[in-house]
Every structure is written in C-alpha cells, then in structure tokens.
Amino acid sequence: MGVSKTEMFTDSQNEIAVFAKAFGHPARVAILQYLFKLNACVCGDLVNEIGLAQPTISQHLKELKQLGLIKGNVEGTSVCYCIDTNNWTKMKKLMSAFLDQDITKENCC
C-alpha cells in the first residue's frame, strides 16, 4: 500500500492496519508476550529470552514503540521497555470490534 493511499481509508481502518502490523512477525509477538509475562519493565534481558541478536531485537522494539504498543525509558546506559497500557487497551477495543464481526448469511458463495 502506497503512503498516499492510506488517506482513502477511514481512521479506524488505518488504525487496525497499524496495530495488526505488530503481529506480523513472531519476534514481536514473543517480545509482547515476554513483557506481559514479566508484568514489569525489561532492561536488556530480551536477547537471552527471545534468542535473537541484539540488533534484531532492537529493530523489533523500535517497531513496537513506533506502533505505540510499548514505551521505553532511558535508565543509565540502557533503555527499559514495557507495555503502553493505554494504547494496548485502545488496540484491544479496536481489534475486538473488528474481529467480532460475523457473517450472518450461511451460503454466501
């Protein structure tokens, strides 16, 4: 999808697409699951836990931060990450409404 093409879709459609991107790679899913499992901020433990190289982990953290699902705080020489609960709640509501749609006609094709 071209950058200029997103304007022809609704805000809701664009938000759903942005949030869905977070689940487009299993490393991002694993990072989110680990952050929920810890229920706290994580500072540098992800390489050992996820099993990927630091640059790869950093790229996925950057993506999740840009998507708004995590936030990071600088503590000394490292960055600590945790779930952005406000955006996570917003994403859950938006995605639930989208995924709760059902086909009512049984034989449509």
# chains A, B, ... in the order shown; residues from 1 in each chain; ligands from 1
>>> select_by_dssp(residues="chain A", states="alpha helix (DSSP H)", output="number ranges by chain")
A: 11-21, 26-38, 46-50, 54-67, 85-99
>>> residues_around(residues="A:Ala22", least_positions_apart="6", cutoff="10 Å", atoms="only C-alpha atoms", output="mmCIF file with all heavy atoms, in the first residue's frame")
data_model
loop_
_atom_site.group_PDB
_atom_site.id
_atom_site.type_symbol
_atom_site.label_atom_id
_atom_site.label_comp_id
_atom_site.auth_asym_id
_atom_site.auth_seq_id
_atom_site.Cartn_x
_atom_site.Cartn_y
_atom_site.Cartn_z
ATOM 1 N N ARG A 28 8.046 -10.060 17.340
ATOM 2 C CA ARG A 28 7.292 -9.003 18.030
ATOM 3 C C ARG A 28 6.249 -9.617 18.955
ATOM 4 O O ARG A 28 6.018 -9.127 20.064
ATOM 5 C CB ARG A 28 6.680 -8.046 17.015
ATOM 6 C CG ARG A 28 7.724 -7.179 16.335
ATOM 7 C CD ARG A 28 7.123 -6.029 15.560
ATOM 8 N NE ARG A 28 6.411 -6.400 14.373
ATOM 9 C CZ ARG A 28 6.948 -6.567 13.164
ATOM 10 N NH1 ARG A 28 8.240 -6.379 13.000
ATOM 11 N NH2 ARG A 28 6.207 -6.893 12.140
ATOM 12 N N VAL A 29 5.625 -10.696 18.512
ATOM 13 C CA VAL A 29 4.657 -11.401 19.363
ATOM 14 C C VAL A 29 5.375 -11.927 20.607
ATOM 15 O O VAL A 29 4.881 -11.768 21.731
ATOM 16 C CB VAL A 29 3.967 -12.540 18.586
ATOM 17 C CG1 VAL A 29 3.090 -13.376 19.507
ATOM 18 C CG2 VAL A 29 3.151 -11.974 17.423
ATOM 19 N N LEU A 32 6.184 -9.063 23.043
ATOM 20 C CA LEU A 32 4.980 -8.638 23.769
ATOM 21 C C LEU A 32 4.600 -9.664 24.835
ATOM 22 O O LEU A 32 4.285 -9.297 25.970
ATOM 23 C CB LEU A 32 3.824 -8.416 22.791
ATOM 24 C CG LEU A 32 3.949 -7.199 21.878
ATOM 25 C CD1 LEU A 32 2.906 -7.243 20.775
ATOM 26 C CD2 LEU A 32 3.845 -5.909 22.677
ATOM 27 N N HIS A 60 12.924 -4.739 16.303
ATOM 28 C CA HIS A 60 11.540 -5.086 16.649
ATOM 29 C C HIS A 60 11.018 -4.200 17.781
ATOM 30 O O HIS A 60 9.849 -3.804 17.767
ATOM 31 C CB HIS A 60 11.430 -6.565 16.997
ATOM 32 C CG HIS A 60 11.569 -7.450 15.807
ATOM 33 N ND1 HIS A 60 10.688 -7.433 14.738
ATOM 34 C CD2 HIS A 60 12.500 -8.378 15.492
ATOM 35 C CE1 HIS A 60 11.064 -8.315 13.834
ATOM 36 N NE2 HIS A 60 12.167 -8.894 14.264
ATOM 37 N N GLU A 63 10.064 -0.937 16.227
ATOM 38 C CA GLU A 63 8.797 -1.070 15.515
ATOM 39 C C GLU A 63 7.614 -1.056 16.489
ATOM 40 O O GLU A 63 6.630 -0.348 16.276
ATOM 41 C CB GLU A 63 8.798 -2.372 14.704
ATOM 42 C CG GLU A 63 7.606 -2.553 13.820
ATOM 43 C CD GLU A 63 7.615 -1.693 12.584
ATOM 44 O OE1 GLU A 63 8.703 -1.390 12.053
ATOM 45 O OE2 GLU A 63 6.516 -1.302 12.137
ATOM 46 N N LEU A 64 7.713 -1.823 17.565
ATOM 47 C CA LEU A 64 6.636 -1.858 18.553
ATOM 48 C C LEU A 64 6.442 -0.503 19.221
ATOM 49 O O LEU A 64 5.317 -0.105 19.527
ATOM 50 C CB LEU A 64 6.923 -2.931 19.613
ATOM 51 C CG LEU A 64 6.774 -4.371 19.145
ATOM 52 C CD1 LEU A 64 7.353 -5.334 20.178
ATOM 53 C CD2 LEU A 64 5.315 -4.696 18.846
ATOM 54 N N LYS A 65 7.527 0.211 19.433
ATOM 55 C CA LYS A 65 7.438 1.547 20.031
ATOM 56 C C LYS A 65 6.774 2.518 19.053
ATOM 57 O O LYS A 65 5.918 3.315 19.443
ATOM 58 C CB LYS A 65 8.820 2.039 20.443
ATOM 59 C CG LYS A 65 8.765 3.291 21.289
ATOM 60 C CD LYS A 65 10.120 3.648 21.852
ATOM 61 C CE LYS A 65 9.974 4.916 22.678
ATOM 62 N NZ LYS A 65 11.245 5.442 23.121
ATOM 63 N N GLN A 66 7.149 2.444 17.777
ATOM 64 C CA GLN A 66 6.529 3.306 16.768
ATOM 65 C C GLN A 66 5.037 3.013 16.624
ATOM 66 O O GLN A 66 4.248 3.916 16.376
ATOM 67 C CB GLN A 66 7.224 3.149 15.416
ATOM 68 C CG GLN A 66 8.576 3.803 15.351
ATOM 69 C CD GLN A 66 9.298 3.549 14.028
ATOM 70 O OE1 GLN A 66 9.018 2.597 13.315
ATOM 71 N NE2 GLN A 66 10.246 4.417 13.729
ATOM 72 N N LEU A 67 4.663 1.748 16.790
ATOM 73 C CA LEU A 67 3.256 1.363 16.724
ATOM 74 C C LEU A 67 2.501 1.797 17.975
ATOM 75 O O LEU A 67 1.278 1.777 17.995
ATOM 76 C CB LEU A 67 3.136 -0.149 16.530
ATOM 77 C CG LEU A 67 3.685 -0.690 15.217
ATOM 78 C CD1 LEU A 67 3.717 -2.214 15.234
ATOM 79 C CD2 LEU A 67 2.882 -0.179 14.041
ATOM 80 N N GLY A 68 3.236 2.170 19.016
ATOM 81 C CA GLY A 68 2.617 2.670 20.237
ATOM 82 C C GLY A 68 2.251 1.600 21.248
ATOM 83 O O GLY A 68 1.606 1.900 22.242
ATOM 84 N N LEU A 69 2.651 0.351 21.020
ATOM 85 C CA LEU A 69 2.267 -0.713 21.941
ATOM 86 C C LEU A 69 3.215 -0.869 23.119
ATOM 87 O O LEU A 69 2.839 -1.456 24.136
ATOM 88 C CB LEU A 69 2.140 -2.037 21.184
ATOM 89 C CG LEU A 69 1.004 -2.053 20.157
ATOM 90 C CD1 LEU A 69 0.952 -3.391 19.451
ATOM 91 C CD2 LEU A 69 -0.327 -1.728 20.814
#
>>> residues_around(residues="A:Thr56", least_positions_apart="6", cutoff="12 Å", atoms="only C-alpha atoms", output="ChimeraX atom specification")
/A:25,27-28,31,46-47,50,62-63
>>> closest_residue(among="A:Asp100, A:Lys37, A:Tyr81, A:Val74", to="A:Ile57", atoms="only C-alpha atoms")
A:Tyr81
>>> select_by_dssp(residues="stretch 33-87 of chain A", states="strand (DSSP E)", output="ChimeraX atom specification")
/A:70-75,78-83
>>> closest_residue(among="A:Cys43, A:Gln59, A:Ala53, A:Lys92", to="A:Glu75", atoms="only C-alpha atoms")
A:Cys43
>>> closest_residue(among="A:Ala30, A:Ile70, A:Phe19, A:Leu38", to="A:Gly51", atoms="only C-alpha atoms")
A:Ala30
>>> atom_distance(atom1="atom CA of A:Lys21", atom2="atom CA of A:Ile103")
24.5 Å
>>> residues_around(residues="A:Leu94", least_positions_apart="6", cutoff="12 Å", atoms="only C-alpha atoms", output="PyMOL selection string")
chain A and resi 11-20+87-88+100-101
>>> decode(residues="stretch 1-104 of chain A", atoms="C-alpha atoms", output="mmCIF file, in the first residue's frame")
data_model
loop_
_atom_site.group_PDB
_atom_site.id
_atom_site.type_symbol
_atom_site.label_atom_id
_atom_site.label_comp_id
_atom_site.auth_asym_id
_atom_site.auth_seq_id
_atom_site.Cartn_x
_atom_site.Cartn_y
_atom_site.Cartn_z
ATOM 1 C CA MET A 1 0.000 0.000 0.000
ATOM 2 C CA GLY A 2 1.478 3.342 -1.040
ATOM 3 C CA VAL A 3 1.932 6.048 1.546
ATOM 4 C CA SER A 4 -0.563 8.372 -0.117
ATOM 5 C CA LYS A 5 -3.198 5.623 -0.493
ATOM 6 C CA THR A 6 -3.923 5.423 3.241
ATOM 7 C CA GLU A 7 -5.898 8.667 3.057
ATOM 8 C CA MET A 8 -8.663 6.932 1.104
ATOM 9 C CA PHE A 9 -9.427 4.691 4.106
ATOM 10 C CA THR A 10 -11.119 5.571 7.383
ATOM 11 C CA ASP A 11 -9.157 6.400 10.509
ATOM 12 C CA SER A 12 -10.403 3.142 12.037
ATOM 13 C CA GLN A 13 -9.222 1.093 9.053
ATOM 14 C CA ASN A 14 -5.802 2.729 9.188
ATOM 15 C CA GLU A 15 -5.526 2.163 12.951
ATOM 16 C CA ILE A 16 -6.453 -1.511 12.593
ATOM 17 C CA ALA A 17 -3.798 -1.936 9.885
ATOM 18 C CA VAL A 18 -1.153 -0.220 12.038
ATOM 19 C CA PHE A 19 -1.907 -2.331 15.103
ATOM 20 C CA ALA A 20 -2.096 -5.531 13.038
ATOM 21 C CA LYS A 21 1.452 -4.876 11.874
ATOM 22 C CA ALA A 22 2.631 -5.597 15.423
ATOM 23 C CA PHE A 23 1.564 -9.220 14.978
ATOM 24 C CA GLY A 24 3.192 -9.530 11.555
ATOM 25 C CA HIS A 25 6.390 -11.060 12.920
ATOM 26 C CA PRO A 26 6.713 -13.795 15.573
ATOM 27 C CA ALA A 27 9.596 -11.948 17.264
ATOM 28 C CA ARG A 28 7.292 -9.003 18.030
ATOM 29 C CA VAL A 29 4.657 -11.401 19.363
ATOM 30 C CA ALA A 30 7.317 -13.067 21.557
ATOM 31 C CA ILE A 31 8.520 -9.690 22.855
ATOM 32 C CA LEU A 32 4.980 -8.638 23.769
ATOM 33 C CA GLN A 33 4.304 -11.988 25.461
ATOM 34 C CA TYR A 34 7.514 -11.702 27.464
ATOM 35 C CA LEU A 35 6.668 -8.164 28.603
ATOM 36 C CA PHE A 36 3.232 -9.355 29.741
ATOM 37 C CA LYS A 37 4.752 -12.376 31.497
ATOM 38 C CA LEU A 38 7.142 -10.134 33.439
ATOM 39 C CA ASN A 39 4.433 -7.596 34.192
ATOM 40 C CA ALA A 40 7.234 -5.047 34.551
ATOM 41 C CA CYS A 41 9.724 -3.088 32.503
ATOM 42 C CA VAL A 42 12.573 -5.049 30.959
ATOM 43 C CA CYS A 43 16.079 -3.679 30.576
ATOM 44 C CA GLY A 44 18.304 -5.723 28.275
ATOM 45 C CA ASP A 45 17.066 -9.240 29.124
ATOM 46 C CA LEU A 46 15.417 -9.803 25.765
ATOM 47 C CA VAL A 47 18.392 -11.206 23.831
ATOM 48 C CA ASN A 48 18.691 -14.219 26.144
ATOM 49 C CA GLU A 49 14.937 -14.660 26.435
ATOM 50 C CA ILE A 50 13.964 -14.300 22.760
ATOM 51 C CA GLY A 51 17.138 -15.827 21.311
ATOM 52 C CA LEU A 52 17.769 -13.299 18.546
ATOM 53 C CA ALA A 53 20.711 -10.964 18.008
ATOM 54 C CA GLN A 54 20.663 -7.590 19.757
ATOM 55 C CA PRO A 55 20.294 -5.576 16.515
ATOM 56 C CA THR A 56 17.287 -7.710 15.536
ATOM 57 C CA ILE A 57 15.673 -7.287 18.956
ATOM 58 C CA SER A 58 16.331 -3.543 18.796
ATOM 59 C CA GLN A 59 14.657 -3.287 15.393
ATOM 60 C CA HIS A 60 11.540 -5.086 16.649
ATOM 61 C CA LEU A 61 11.457 -2.948 19.807
ATOM 62 C CA LYS A 62 11.694 0.163 17.640
ATOM 63 C CA GLU A 63 8.797 -1.070 15.515
ATOM 64 C CA LEU A 64 6.636 -1.858 18.553
ATOM 65 C CA LYS A 65 7.438 1.547 20.031
ATOM 66 C CA GLN A 66 6.529 3.306 16.768
ATOM 67 C CA LEU A 67 3.256 1.363 16.724
ATOM 68 C CA GLY A 68 2.617 2.670 20.237
ATOM 69 C CA LEU A 69 2.267 -0.713 21.941
ATOM 70 C CA ILE A 70 5.355 -0.346 24.118
ATOM 71 C CA LYS A 71 7.148 2.579 25.667
ATOM 72 C CA GLY A 72 10.763 2.968 26.604
ATOM 73 C CA ASN A 73 12.587 4.915 29.286
ATOM 74 C CA VAL A 74 16.316 5.566 29.375
ATOM 75 C CA GLU A 75 17.872 4.325 32.610
ATOM 76 C CA GLY A 76 21.609 4.858 32.704
ATOM 77 C CA THR A 77 23.125 3.335 29.585
ATOM 78 C CA SER A 78 20.152 1.129 28.702
ATOM 79 C CA VAL A 79 16.553 1.575 27.632
ATOM 80 C CA CYS A 80 13.840 -0.157 29.617
ATOM 81 C CA TYR A 81 10.670 -1.214 27.805
ATOM 82 C CA CYS A 82 7.173 -2.010 28.986
ATOM 83 C CA ILE A 83 3.668 -2.304 27.560
ATOM 84 C CA ASP A 84 1.939 1.034 26.930
ATOM 85 C CA THR A 85 -1.272 0.091 28.715
ATOM 86 C CA ASN A 86 -3.335 2.960 27.294
ATOM 87 C CA ASN A 87 -2.513 2.088 23.691
ATOM 88 C CA TRP A 88 -2.813 -1.641 24.383
ATOM 89 C CA THR A 89 -6.354 -1.099 25.703
ATOM 90 C CA LYS A 90 -7.205 1.067 22.693
ATOM 91 C CA MET A 91 -5.854 -1.600 20.330
ATOM 92 C CA LYS A 92 -7.798 -4.375 22.086
ATOM 93 C CA LYS A 93 -11.079 -2.475 21.768
ATOM 94 C CA LEU A 94 -10.480 -1.621 18.123
ATOM 95 C CA MET A 95 -9.340 -5.122 17.150
ATOM 96 C CA SER A 96 -12.112 -6.813 19.157
ATOM 97 C CA ALA A 97 -14.770 -4.786 17.381
ATOM 98 C CA PHE A 98 -13.213 -5.720 14.042
ATOM 99 C CA LEU A 99 -12.733 -9.411 14.870
ATOM 100 C CA ASP A 100 -16.199 -9.783 16.427
ATOM 101 C CA GLN A 101 -17.832 -9.274 13.041
ATOM 102 C CA ASP A 102 -19.640 -12.356 11.775
ATOM 103 C CA ILE A 103 -21.229 -13.443 8.523
ATOM 104 C CA THR A 104 -24.944 -13.952 9.090
#
